Every structure is written in structure tokens, then in C-alpha cells.
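**Q** Structure file data-v1.tsv (TSV, C-alpha atoms) is given on the next line.
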chain	number	residue	atom	x	y	z
A	26	MET	CA	-17.39	18.92	-26.37
A	27	ASP	CA	-19.52	18.23	-23.32
A	28	PHE	CA	-18.17	17.79	-19.80
A	29	ALA	CA	-18.51	13.99	-19.60
A	30	SER	CA	-16.53	13.23	-22.75
A	31	ALA	CA	-13.84	15.77	-21.84
A	32	GLN	CA	-13.63	14.04	-18.47
A	33	VAL	CA	-13.09	10.62	-19.99
A	34	ILE	CA	-10.49	11.92	-22.46
A	35	GLY	CA	-8.65	13.72	-19.67
A	36	ALA	CA	-8.61	10.63	-17.49
A	37	GLY	CA	-7.26	8.61	-20.41
A	38	LEU	CA	-4.50	11.16	-21.01
A	39	ALA	CA	-3.60	11.10	-17.31
A	40	ALA	CA	-3.35	7.32	-17.48
A	41	ILE	CA	-0.42	7.62	-19.91
A	42	GLY	CA	1.70	8.34	-16.85
A	43	VAL	CA	0.99	4.86	-15.54
A	44	GLY	CA	2.56	3.40	-18.68
A	45	ALA	CA	5.57	5.67	-18.25
A	46	ALA	CA	5.96	4.42	-14.68
A	47	ALA	CA	5.82	0.86	-16.04
A	48	ILE	CA	8.86	1.70	-18.19
A	49	GLY	CA	10.59	3.05	-15.10
A	50	VAL	CA	9.82	0.01	-12.95
A	51	GLY	CA	10.91	-2.30	-15.74
A	52	HIS	CA	14.14	-0.36	-16.07
A	53	VAL	CA	14.82	-0.63	-12.33
A	54	PHE	CA	14.35	-4.39	-12.22
A	55	GLY	CA	16.00	-4.95	-15.59
A	56	SER	CA	19.14	-3.07	-14.61
A	57	PHE	CA	19.23	-4.88	-11.29
A	58	LEU	CA	18.97	-8.27	-12.96
A	59	GLU	CA	21.59	-7.34	-15.54
A	60	SER	CA	24.14	-6.41	-12.92
A	61	ALA	CA	23.09	-9.16	-10.52
A	62	ILE	CA	23.90	-11.78	-13.14
A	63	ARG	CA	27.34	-10.24	-13.66
A	64	ASN	CA	28.07	-10.21	-9.93
A	65	PRO	CA	25.69	-12.53	-8.08
A	66	ALA	CA	27.66	-12.27	-4.85
A	67	ALA	CA	26.82	-8.57	-4.51
A	68	ALA	CA	23.16	-8.93	-5.51
A	69	ASP	CA	21.66	-9.77	-2.10
A	70	GLY	CA	23.23	-6.75	-0.46
A	71	GLN	CA	21.59	-4.39	-2.93
A	72	GLN	CA	18.01	-5.57	-2.54
A	73	GLY	CA	17.12	-2.69	-0.24
A	74	ARG	CA	18.28	-0.18	-2.87
A	75	LEU	CA	16.40	-2.15	-5.52
A	76	PHE	CA	13.14	-1.65	-3.69
A	77	ILE	CA	13.88	2.01	-2.97
A	78	GLY	CA	14.25	2.57	-6.71
A	79	PHE	CA	11.15	0.53	-7.36
A	80	ALA	CA	9.16	2.54	-4.83
A	81	ALA	CA	10.30	5.86	-6.29
A	82	ALA	CA	9.43	4.84	-9.85
A	83	GLU	CA	6.15	3.26	-8.86
A	84	LEU	CA	5.01	6.25	-6.82
A	85	LEU	CA	4.86	8.43	-9.94
A	86	GLY	CA	2.69	5.89	-11.72
A	87	LEU	CA	0.38	5.68	-8.74
A	88	ILE	CA	0.14	9.47	-8.64
A	89	ALA	CA	-0.80	9.42	-12.33
A	90	PHE	CA	-3.49	6.86	-11.50
A	91	ALA	CA	-4.77	9.01	-8.64
A	92	VAL	CA	-4.94	12.04	-10.94
A	93	ALA	CA	-6.85	9.98	-13.53
A	94	MET	CA	-9.32	8.87	-10.85
A	95	ILE	CA	-9.77	12.41	-9.56
A	96	ILE	CA	-10.50	13.63	-13.10
A	97	LEU	CA	-12.80	10.69	-13.83
A	98	TYR	CA	-14.90	11.06	-10.68
A	99	ALA	CA	-14.91	14.86	-10.48
A	100	ARG	CA	-18.36	16.38	-10.41
B	13	MET	CA	-26.46	-2.01	-22.97
B	14	ALA	CA	-23.55	0.12	-21.83
B	15	THR	CA	-25.83	2.30	-19.74
B	16	GLU	CA	-27.27	-0.75	-17.97
B	17	ALA	CA	-23.81	-1.96	-16.99
B	18	GLU	CA	-22.91	1.49	-15.69
B	19	ALA	CA	-26.02	1.59	-13.57
B	20	THR	CA	-25.41	-1.74	-11.84
B	21	ILE	CA	-21.63	-2.17	-11.49
B	22	ASP	CA	-19.66	0.44	-9.59
B	23	PRO	CA	-16.03	-0.54	-8.91
B	24	MET	CA	-15.67	2.23	-6.32
B	25	HIS	CA	-18.47	0.91	-4.09
B	26	GLN	CA	-16.15	-1.54	-2.34
B	27	PHE	CA	-14.31	1.35	-0.67
B	28	GLN	CA	-17.44	2.82	0.87
B	29	ILE	CA	-17.45	3.03	4.66
B	30	ASP	CA	-20.76	2.13	6.25
B	31	SER	CA	-21.82	2.18	9.85
B	32	LEU	CA	-22.81	-1.19	11.24
B	33	THR	CA	-24.41	0.07	14.45
B	34	GLY	CA	-26.76	2.68	13.05
B	35	SER	CA	-26.27	6.12	11.59
B	36	ALA	CA	-24.43	9.01	13.16
B	37	LEU	CA	-27.73	10.88	13.25
B	38	ASP	CA	-28.91	8.73	16.15
B	39	GLY	CA	-26.98	10.90	18.57
B	40	SER	CA	-23.65	9.20	19.15
B	41	PRO	CA	-20.75	10.62	17.15
B	42	PHE	CA	-19.06	7.22	17.28
B	43	ALA	CA	-20.10	4.58	14.78
B	44	PHE	CA	-18.80	1.05	14.49
B	45	THR	CA	-18.03	0.91	10.79
B	46	ASN	CA	-17.13	-1.96	8.51
B	47	SER	CA	-13.61	-0.51	8.45
B	48	ALA	CA	-13.38	-0.80	12.24
B	49	PHE	CA	-14.80	-4.31	12.07
B	50	TRP	CA	-12.12	-5.40	9.60
B	51	MET	CA	-9.44	-3.76	11.71
B	52	LEU	CA	-10.61	-5.94	14.58
B	53	ILE	CA	-10.44	-9.01	12.35
B	54	VAL	CA	-6.93	-8.07	11.23
B	55	LEU	CA	-5.79	-7.46	14.79
B	56	THR	CA	-7.26	-10.80	15.87
B	57	ALA	CA	-5.39	-12.54	13.04
B	58	ILE	CA	-2.10	-10.84	13.97
B	59	TYR	CA	-2.67	-11.69	17.64
B	60	ALA	CA	-3.33	-15.33	16.82
B	61	PHE	CA	-0.29	-15.46	14.54
B	62	MET	CA	1.99	-13.96	17.18
B	63	LEU	CA	0.53	-16.04	20.02
B	64	GLY	CA	1.31	-19.26	18.18
B	65	GLY	CA	4.96	-18.26	17.82
B	66	MET	CA	5.67	-16.82	21.28
B	67	LYS	CA	6.26	-20.16	23.00
B	68	ARG	CA	10.00	-19.46	23.30
B	69	GLN	CA	11.00	-23.05	22.74
B	70	LEU	CA	14.72	-23.71	22.46
B	71	VAL	CA	14.11	-25.78	19.34
B	72	PRO	CA	11.46	-23.78	17.48
B	73	GLY	CA	8.57	-25.47	15.75
B	74	ARG	CA	7.29	-24.45	12.33
B	75	TRP	CA	5.01	-21.71	13.62
B	76	GLN	CA	7.66	-20.20	15.87
B	77	MET	CA	10.06	-20.28	12.93
B	78	ALA	CA	7.56	-18.32	10.85
B	79	VAL	CA	7.14	-15.63	13.52
B	80	GLU	CA	10.88	-15.47	14.21
B	81	GLY	CA	11.44	-15.19	10.48
B	82	VAL	CA	9.33	-12.02	10.35
B	83	THR	CA	10.88	-10.46	13.45
B	84	GLY	CA	14.37	-11.37	12.25
B	85	PHE	CA	13.59	-9.89	8.84
B	86	ILE	CA	12.55	-6.55	10.35
B	87	THR	CA	15.47	-6.52	12.79
B	88	SER	CA	18.02	-7.19	10.05
B	89	MET	CA	16.40	-4.53	7.85
B	90	LEU	CA	16.82	-1.95	10.62
B	91	THR	CA	20.36	-2.98	11.54
B	92	THR	CA	21.54	-2.82	7.92
B	93	ASN	CA	19.84	0.52	7.24
B	94	VAL	CA	20.24	2.33	10.55
B	95	GLY	CA	23.10	0.53	12.25
B	96	PRO	CA	23.25	-1.11	15.68
B	97	GLU	CA	21.01	1.61	17.10
B	98	GLY	CA	18.25	0.54	14.72
B	99	ARG	CA	17.09	-2.21	17.03
B	100	ARG	CA	15.37	0.39	19.19
B	101	TYR	CA	12.90	1.12	16.39
B	102	VAL	CA	11.95	-2.50	15.73
B	103	PRO	CA	8.63	-2.25	17.69
B	104	TRP	CA	7.13	0.47	15.46
B	105	VAL	CA	8.45	-0.84	12.16
B	106	PHE	CA	7.38	-4.37	13.02
B	107	THR	CA	3.93	-3.18	14.08
B	108	VAL	CA	3.38	-1.20	10.92
B	109	PHE	CA	4.73	-3.99	8.70
B	110	MET	CA	2.51	-6.65	10.25
B	111	PHE	CA	-0.58	-4.45	10.24
B	112	ILE	CA	-0.18	-3.42	6.61
B	113	LEU	CA	0.66	-6.95	5.48
B	114	PHE	CA	-2.32	-8.53	7.22
B	115	ALA	CA	-4.71	-5.74	6.25
B	116	ASN	CA	-3.65	-5.98	2.59
B	117	LEU	CA	-3.89	-9.75	2.50
B	118	MET	CA	-7.23	-9.93	4.29
B	119	GLY	CA	-8.64	-7.25	2.02
B	120	MET	CA	-7.82	-9.57	-0.89
B	121	MET	CA	-10.20	-12.22	0.43
B	122	PRO	CA	-12.87	-13.12	-2.12
B	123	PHE	CA	-16.40	-11.85	-1.83
B	124	GLY	CA	-18.20	-14.78	-0.30
B	125	VAL	CA	-16.03	-15.71	2.66
B	126	LEU	CA	-18.29	-14.31	5.36
B	127	THR	CA	-21.55	-14.26	3.43
B	128	PRO	CA	-23.14	-17.19	5.34
B	129	ILE	CA	-22.89	-15.20	8.57
B	130	ALA	CA	-25.02	-12.46	7.07
B	131	ASP	CA	-27.95	-14.86	6.78
B	132	TYR	CA	-28.07	-15.60	10.50
B	133	VAL	CA	-27.07	-12.37	12.22
B	134	PRO	CA	-29.25	-9.36	11.45
B	135	GLY	CA	-27.45	-6.21	10.38
B	136	VAL	CA	-24.24	-7.96	9.42
B	137	GLY	CA	-24.93	-7.95	5.71
B	138	LEU	CA	-22.36	-5.26	5.06
B	139	VAL	CA	-19.63	-7.17	6.83
B	140	ALA	CA	-19.90	-9.91	4.27
B	141	HIS	CA	-17.83	-7.80	1.91
B	142	PRO	CA	-14.12	-7.94	2.79
B	143	PHE	CA	-12.95	-4.40	3.34
B	144	THR	CA	-9.40	-3.29	2.58
B	145	ILE	CA	-8.51	-1.03	5.49
B	146	THR	CA	-5.36	0.23	3.77
B	147	SER	CA	-7.39	1.54	0.83
B	148	GLN	CA	-8.40	4.53	2.99
B	149	PHE	CA	-6.11	7.54	3.00
B	150	THR	CA	-7.01	8.28	6.64
B	151	VAL	CA	-5.59	4.95	7.81
B	152	THR	CA	-2.38	5.01	5.76
B	153	GLY	CA	-2.04	8.74	6.43
B	154	ILE	CA	-2.12	8.24	10.21
B	155	MET	CA	0.55	5.54	9.95
B	156	ALA	CA	2.70	7.78	7.76
B	157	ILE	CA	2.25	10.70	10.16
B	158	ILE	CA	3.34	8.53	13.11
B	159	SER	CA	6.44	7.45	11.16
B	160	PHE	CA	7.18	11.07	10.27
B	161	ALA	CA	6.63	12.16	13.89
B	162	ILE	CA	9.11	9.51	15.06
B	163	VAL	CA	11.65	10.84	12.55
B	164	LEU	CA	11.14	14.43	13.70
B	165	GLY	CA	11.12	13.51	17.39
B	166	VAL	CA	14.25	11.38	17.20
B	167	GLY	CA	16.03	13.93	15.00
B	168	PHE	CA	15.40	16.91	17.25
B	169	TRP	CA	15.98	14.86	20.40
B	170	LYS	CA	19.37	13.57	19.27
B	171	HIS	CA	20.74	16.50	17.27
B	172	LYS	CA	18.76	19.48	18.63
B	173	LEU	CA	18.76	22.28	16.06
B	174	HIS	CA	21.69	20.66	14.28
B	175	PHE	CA	19.01	18.41	12.73
B	176	PHE	CA	18.44	21.14	10.13
B	177	SER	CA	21.82	20.28	8.60
B	178	LEU	CA	19.87	17.40	7.03
B	179	PHE	CA	18.83	19.90	4.37
B	180	VAL	CA	22.35	21.12	3.67
B	181	PRO	CA	24.65	18.65	1.90
B	182	ALA	CA	28.27	19.00	2.97
B	183	ASN	CA	30.82	20.86	0.82
B	184	THR	CA	28.40	22.52	-1.57
B	185	PRO	CA	29.13	25.99	-2.93
B	186	PHE	CA	26.94	28.77	-1.58
B	187	LEU	CA	25.08	29.43	-4.82
B	188	LEU	CA	24.18	25.77	-5.14
B	189	LYS	CA	22.97	25.72	-1.54
B	190	LEU	CA	20.37	28.35	-2.40
B	191	LEU	CA	18.95	25.88	-4.88
B	192	ILE	CA	19.44	22.61	-3.01
B	193	VAL	CA	18.16	23.56	0.44
B	194	PRO	CA	14.58	24.33	-0.70
B	195	ILE	CA	14.52	21.16	-2.80
B	196	GLU	CA	15.73	19.05	0.12
B	197	PHE	CA	13.20	20.72	2.39
B	198	VAL	CA	10.30	20.02	0.05
B	199	SER	CA	11.41	16.43	-0.52
B	200	PHE	CA	11.59	16.00	3.25
B	201	MET	CA	8.16	17.48	3.92
B	202	VAL	CA	6.53	15.44	1.15
B	203	ARG	CA	7.66	12.14	2.69
B	204	PRO	CA	4.56	11.38	4.78
B	205	PHE	CA	2.32	12.09	1.79
B	206	SER	CA	4.30	9.84	-0.55
B	207	LEU	CA	4.43	7.13	2.12
B	208	ALA	CA	0.66	7.17	2.62
B	209	LEU	CA	-0.28	7.80	-1.00
B	210	ARG	CA	1.78	4.91	-2.34
B	211	LEU	CA	0.12	2.32	-0.13
B	212	PHE	CA	-3.46	3.52	-0.49
B	213	VAL	CA	-3.34	4.08	-4.25
B	214	ALA	CA	-1.65	0.73	-4.86
B	215	MET	CA	-4.44	-1.00	-2.95
B	216	ILE	CA	-7.21	1.00	-4.65
B	217	ALA	CA	-5.77	0.41	-8.14
B	218	GLY	CA	-5.48	-3.35	-7.69
B	219	HIS	CA	-8.97	-3.73	-6.29
B	220	ILE	CA	-10.54	-1.58	-9.00
B	221	LEU	CA	-8.74	-3.64	-11.65
B	222	VAL	CA	-10.08	-6.90	-10.22
B	223	LYS	CA	-13.62	-5.51	-9.87
B	224	VAL	CA	-13.66	-4.06	-13.40
B	225	PHE	CA	-12.67	-7.38	-14.94
B	226	GLY	CA	-15.14	-9.12	-12.64
B	227	SER	CA	-17.86	-6.94	-14.14
B	228	PHE	CA	-16.63	-8.03	-17.60
B	229	ILE	CA	-17.36	-11.63	-16.62
B	230	VAL	CA	-20.89	-10.76	-15.55
B	231	SER	CA	-21.69	-8.72	-18.65
B	232	GLY	CA	-19.95	-11.32	-20.83
B	233	LEU	CA	-22.17	-14.09	-19.49
B	234	ASN	CA	-25.27	-11.93	-19.91
B	235	ALA	CA	-24.42	-10.99	-23.49
B	236	ASP	CA	-25.94	-12.80	-26.49
B	237	GLY	CA	-23.90	-14.97	-28.83
B	238	ALA	CA	-20.76	-17.02	-28.36
B	239	MET	CA	-18.45	-14.02	-28.02
B	240	GLY	CA	-19.66	-13.01	-24.55
B	241	PRO	CA	-18.80	-16.19	-22.62
B	242	MET	CA	-15.41	-16.27	-24.38
B	243	ILE	CA	-14.63	-12.79	-23.10
B	244	GLY	CA	-15.92	-13.83	-19.67
B	245	LEU	CA	-13.56	-16.79	-19.65
B	246	LEU	CA	-10.60	-14.65	-20.72
B	247	SER	CA	-11.44	-12.12	-18.00
B	248	PHE	CA	-11.61	-14.92	-15.45
B	249	VAL	CA	-8.15	-16.20	-16.41
B	250	PHE	CA	-6.88	-12.63	-16.27
B	251	ILE	CA	-8.38	-12.14	-12.79
B	252	VAL	CA	-6.63	-15.24	-11.49
B	253	GLY	CA	-3.31	-13.86	-12.74
B	254	VAL	CA	-3.99	-10.36	-11.40
B	255	SER	CA	-4.97	-11.77	-7.99
B	256	ALA	CA	-1.63	-13.58	-7.78
B	257	LEU	CA	0.11	-10.34	-8.75
B	258	GLU	CA	-1.94	-8.47	-6.13
B	259	LEU	CA	-0.77	-10.86	-3.41
B	260	LEU	CA	2.78	-9.96	-4.44
B	261	VAL	CA	1.93	-6.24	-4.38
B	262	CYS	CA	0.41	-6.63	-0.89
B	263	ALA	CA	3.70	-7.99	0.44
B	264	ILE	CA	5.84	-5.51	-1.54
B	265	GLN	CA	3.85	-2.50	-0.32
B	266	ALA	CA	4.16	-3.62	3.31
B	267	TYR	CA	7.90	-4.16	2.74
B	268	VAL	CA	8.34	-0.78	1.03
B	269	PHE	CA	6.51	1.05	3.82
B	270	ALA	CA	8.73	-0.59	6.45
B	271	LEU	CA	11.87	-0.05	4.35
B	272	LEU	CA	11.20	3.65	3.73
B	273	THR	CA	10.32	4.17	7.40
B	274	SER	CA	13.65	2.65	8.39
B	275	LEU	CA	15.47	4.83	5.83
B	276	TYR	CA	13.84	7.97	7.19
B	277	ILE	CA	14.73	6.89	10.72
B	278	ASN	CA	18.31	6.45	9.49
B	279	ASP	CA	18.28	10.08	8.32
B	280	ALA	CA	17.13	11.19	11.75
B	281	VAL	CA	19.58	9.04	13.70
B	282	ASN	CA	22.74	9.51	11.63
B	283	LEU	CA	21.99	12.68	9.63
B	284	HIS	CA	24.04	12.32	6.44
Once you've parsed the file, please lay out its structure as C-alpha cells.
**A**
Amino acid sequence: MDFASAQVIGAGLAAIGVGAAAIGVGHVFGSFLESAIRNPAAADGQQGRLFIGFAAAELLGLIAFAVAMIILYAR
Amino acid sequence: MATEAEATIDPMHQFQIDSLTGSALDGSPFAFTNSAFWMLIVLTAIYAFMLGGMKRQLVPGRWQMAVEGVTGFITSMLTTNVGPEGRRYVPWVFTVFMFILFANLMGMMPFGVLTPIADYVPGVGLVAHPFTITSQFTVTGIMAIISFAIVLGVGFWKHKLHFFSLFVPANTPFLLKLLIVPIEFVSFMVRPFSLALRLFVAMIAGHILVKVFGSFIVSGLNADGAMGPMIGLLSFVFIVGVSALELLVCAIQAYVFALLTSLYINDAVNLH
């Protein structure tokens, strides 16, 4: 296998992490919505925590994207 | 055909920094780049926005309401996260929030906004391309380092060496402390990187996505047969949706940066 094709395959494998982060972000918002519908009065007070969880889950996906880009554009 | 497309369309080119005033080889180490130019534009926009809302009328107009909405938003974020002392940190968090928000939004401007200027002023051709300042790790990194420096400064100023108790959770057995203290230390030291990385990668990813699907439109229209224009049309619809999503991401990233900064300040002010 030559370098270029290995590079593209590696970048594609690294991009799996972005999908995993999508599951995480969906879980964060889904759980928030689930509990916010049960207790709407408490929902507004938890928005800060919602976005903290979102940021933590999203960061890992963005890191996976950065790794994919580094692999893809490595010389 | 694939090789032709690769030769002409490079989604990373939009992040390239070019000097507008000549190359660094001319002698001066300082160059006025397109990044600096867009920072000036962003600052002008923020200045105009704030100026319109600083009239201090007793009954605020629409514009003043908009500005007071943003300041009130930041103030309430700091008071809920840090406590009454949080109001002292409003200037920095507000500055960073406004700068990131405006830089993100103005980087989303479509290609042709300033193109007519390039025809009349020589040497301004590069400016025609809207540049996303926050897509550079240097810019977001400096902002993250300033936030981190504020956390360190406030922490050591208020608690002296007691600030190190941030790494030691209360009432943990000794053996567990051996494990937790290094983890807490690493998670503390990695904060500026995560803060900067999140913003810059989110911006880069969105812009690459838009540019890649933009290139699909071009190659779709150039392709033979009925299939190409169909794909171009689908890509166009997709781009419209992604652009709307990107506007949301612009606001969320600015909010997350401000929120995490206020959380870190809370750690420094109140320990935990």
C-alpha cells in the first residue's frame, strides 16, 4: 500500500470519532429534553450544565476531526 | 476528472494568511495581513454596535435593548456561575464573547460581499475573501491563555498557595489521592488547549464542509449528463441548511467559550 492511500484510509478511520461524538452530543440533548419535559420548571436553571456537557462531548469529536486533518494533510 | 478537481479546488486555501502590504522580505517584520484587516472590520462592527446602544436613555430603544440584552446575559451568566463577586470579571468575559461572536459571524459572510472593492483599489484583491479570524489557533490560543492567566492570577492572589487544594478533593482516602491529584492536575493544565482547540476546530470544520459542498456544485454543473446538475442542486440545498447550522454553531461556540471561562474563574474564586 502506498503512502497516499494509507493516508486517506487513516483519515477515514480517524473520522469515526466524529460520529461517536455525534452520539454523545445527541445523548446530552436527548437526556436534557427528556427530563426537561418531565419538569419544565427546572429546565431553564440547568441550561448552563447542558452546554457544559455539550462542550465536553463535542470537544472529543472536534479532536477526532483535527486528527483526521493532520493525517490527511501530513507530508 | 478527479485529478482536475483536486488541482483547482482546495478547501484549506480559505485559511491562508496573506500579507496585504507586501512581503516580510521587504525589511519590515510587521505585515498587515488579511487576518489583521478582518480583525479591524470586526472591531469596527463591535464598536458601532456598542456605540448605538450606549445612549443611556431611561426608556431604552430597540438598539439599546439589544446591547443591554447582551451585557445582561453575560452578567447573569457570571453571577449564577461565580456568585456576586462574578461581576468583576464581566469586562473580560464580555469582551471575549463579543469578539468571538462577531468574528465567527463575519467569517460566515459569503464570498462576494467585498469583491466590488477589489476592482477599484489596487492590492485589495485578497481582502475580498471573508476571513474567519477564529479559525487560527494563534488567535483562539491567545484568548484562551489570557483566560487561563486570569484564573491563575486570581487564584494565587486570593488563596495564595492554598490554591493548590483545587487539585485535592475533600475527604478522599490517601491512596485515592495518589490517583486523583495527577488527573486533576492534567485536566487543569489542559484547559487552555481545550478552550482554544474547540473554537478553532469548530470554525475550520464548518468552513471546510461548506467549501467542499460548494466544490460539488461547481463540478456538478461542469459534469456531462443530467446527473451533475441534480447533484449540484442537492449540494446547494444542503449548503443552505449547513449555513443556518453554522450560524447556530457560531453563537454556541462564543457562548461555550464565555461559559467555560466563567466556570474556570469560579474555580479560582471559590475553589471547590
**Q** List every residue of chain A that has an atom at most 12 Å from any atom of chain B, giving for each one its closest atom pair and the distance in Å to one decimal, counting only C-alpha atoms, sorted by chain and then by ascending residue number, as JSON lines.
**A**
{"residue": "A:Ala40", "atom": "CA", "partner": "B:Ala217", "partner_atom": "CA", "distance": 11.9}
{"residue": "A:Val43", "atom": "CA", "partner": "B:Ala217", "partner_atom": "CA", "distance": 11.0}
{"residue": "A:Gly70", "atom": "CA", "partner": "B:Thr92", "partner_atom": "CA", "distance": 9.4}
{"residue": "A:Gln71", "atom": "CA", "partner": "B:Thr92", "partner_atom": "CA", "distance": 11.0}
{"residue": "A:Gln72", "atom": "CA", "partner": "B:Met89", "partner_atom": "CA", "distance": 10.6}
{"residue": "A:Gly73", "atom": "CA", "partner": "B:Leu271", "partner_atom": "CA", "distance": 7.5}
{"residue": "A:Arg74", "atom": "CA", "partner": "B:Leu271", "partner_atom": "CA", "distance": 9.7}
{"residue": "A:Leu75", "atom": "CA", "partner": "B:Val268", "partner_atom": "CA", "distance": 10.5}
{"residue": "A:Phe76", "atom": "CA", "partner": "B:Val268", "partner_atom": "CA", "distance": 6.8}
{"residue": "A:Ile77", "atom": "CA", "partner": "B:Val268", "partner_atom": "CA", "distance": 7.4}
{"residue": "A:Gly78", "atom": "CA", "partner": "B:Val268", "partner_atom": "CA", "distance": 10.3}
{"residue": "A:Phe79", "atom": "CA", "partner": "B:Val268", "partner_atom": "CA", "distance": 8.9}
{"residue": "A:Ala80", "atom": "CA", "partner": "B:Val268", "partner_atom": "CA", "distance": 6.8}
{"residue": "A:Ala81", "atom": "CA", "partner": "B:Ser206", "partner_atom": "CA", "distance": 9.2}
{"residue": "A:Ala82", "atom": "CA", "partner": "B:Arg210", "partner_atom": "CA", "distance": 10.7}
{"residue": "A:Glu83", "atom": "CA", "partner": "B:Arg210", "partner_atom": "CA", "distance": 8.0}
{"residue": "A:Leu84", "atom": "CA", "partner": "B:Arg210", "partner_atom": "CA", "distance": 5.7}
{"residue": "A:Leu85", "atom": "CA", "partner": "B:Arg210", "partner_atom": "CA", "distance": 8.9}
{"residue": "A:Gly86", "atom": "CA", "partner": "B:Arg210", "partner_atom": "CA", "distance": 9.5}
{"residue": "A:Leu87", "atom": "CA", "partner": "B:Val213", "partner_atom": "CA", "distance": 6.0}
{"residue": "A:Ile88", "atom": "CA", "partner": "B:Val213", "partner_atom": "CA", "distance": 7.8}
{"residue": "A:Ala89", "atom": "CA", "partner": "B:Val213", "partner_atom": "CA", "distance": 10.0}
{"residue": "A:Phe90", "atom": "CA", "partner": "B:Ala217", "partner_atom": "CA", "distance": 7.6}
{"residue": "A:Ala91", "atom": "CA", "partner": "B:Val213", "partner_atom": "CA", "distance": 6.8}
{"residue": "A:Val92", "atom": "CA", "partner": "B:Val213", "partner_atom": "CA", "distance": 10.5}
{"residue": "A:Ala93", "atom": "CA", "partner": "B:Ala217", "partner_atom": "CA", "distance": 11.0}
{"residue": "A:Met94", "atom": "CA", "partner": "B:Ala217", "partner_atom": "CA", "distance": 9.6}
{"residue": "A:Ile95", "atom": "CA", "partner": "B:Val213", "partner_atom": "CA", "distance": 11.8}
{"residue": "A:Leu97", "atom": "CA", "partner": "B:Met24", "partner_atom": "CA", "distance": 11.7}
{"residue": "A:Tyr98", "atom": "CA", "partner": "B:Met24", "partner_atom": "CA", "distance": 9.9}
**Q** Please indicate the distance in Å from atom CA of B:Trp50 to atom CA of B:Thr146, rounded to one decimal place.
**A**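 Spanning atom CA of B:Trp50 to atom CA of B:Thr146 is a straight-line distance of 10.6 Å.
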**Q** In Å, how far is it from atom CA of A:Ser56 to atom CA of B:Val198?
**A**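 Value for the atom CA of A:Ser56-atom CA of B:Val198 distance: 28.7 Å.
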**Q** Go ahead and compute the interatomic distance for atom CA of B:Leu246 and atom CA of B:Val224, in Å to one decimal.
**A**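 Taking atom CA of B:Leu246 as the start and atom CA of B:Val224 as the end point, the length is 13.2 Å.
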**Q** Please check which residues have atoms at most 12 Å from (12.3, 13.5, 15.0) in the file's coordinates, counting all atoms listed in the file, and write them as a list in words.
**A**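 Residues with an atom close enough to that point: Ile157, Ile158, Ser159, Phe160, Ala161, Ile162, Val163, Leu164, Gly165, Val166, Gly167, Phe168, Trp169, Lys170, His171, Lys172, Leu173, His174, Phe175, Phe176, Leu178, Tyr276, Ile277, Asn278, Asp279, Ala280, Val281, Asn282 and Leu283 of chain B.
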**Q** If we count all atoms listed in the file and set the cut-off at 7 Å, which residues sit around stretch 106-116 of chain B, ignoring sequence neighbours fewer than 5 positions away in its own chain? Please answer as a list in words.
**A**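 Contacts, with the query itself left out: Val54, Ile86, Thr144, Ile145, Thr146, Cys262, Ala263, Ala266, Tyr267 and Ala270 of chain B.
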**Q** Include C-alpha atoms and write out the residues we just selected as a short mmCIF file (atom, residue, chain, number, x, y, z; two decimals), in the frame of the given file.
**A**
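As a result, again_29.cif now contains:
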data_model
loop_
_atom_site.label_atom_id
_atom_site.label_comp_id
_atom_site.auth_asym_id
_atom_site.auth_seq_id
_atom_site.Cartn_x
_atom_site.Cartn_y
_atom_site.Cartn_z
CA VAL B 54 -6.93 -8.07 11.23
CA ILE B 86 12.55 -6.55 10.35
CA THR B 144 -9.40 -3.29 2.58
CA ILE B 145 -8.51 -1.03 5.49
CA THR B 146 -5.36 0.23 3.77
CA CYS B 262 0.41 -6.63 -0.89
CA ALA B 263 3.70 -7.99 0.44
CA ALA B 266 4.16 -3.62 3.31
CA TYR B 267 7.90 -4.16 2.74
CA ALA B 270 8.73 -0.59 6.45
#
**Q** Give the answer as one residue: which of B:Ser88, B:Ser177, B:Ser147, B:Ser199 has the shortest atom-to-atom distance to B:Leu117, using all atoms listed in the file?
**A**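 When distances to B:Leu117 are compared using all atoms listed in the file, the smallest one comes from B:Ser147.
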**Q** Can you tell me, as AutoDock Vina command-line options, the centre and edge lengths (Å, one decimal) of the axis-aligned box enclosing all of stretch 66-76 of chain A's listed atoms after padding each side by 8 Å?
**A**
--center_x 20.4 --center_y -6.2 --center_z -2.9 --size_x 30.5 --size_y 28.1 --size_z 21.3
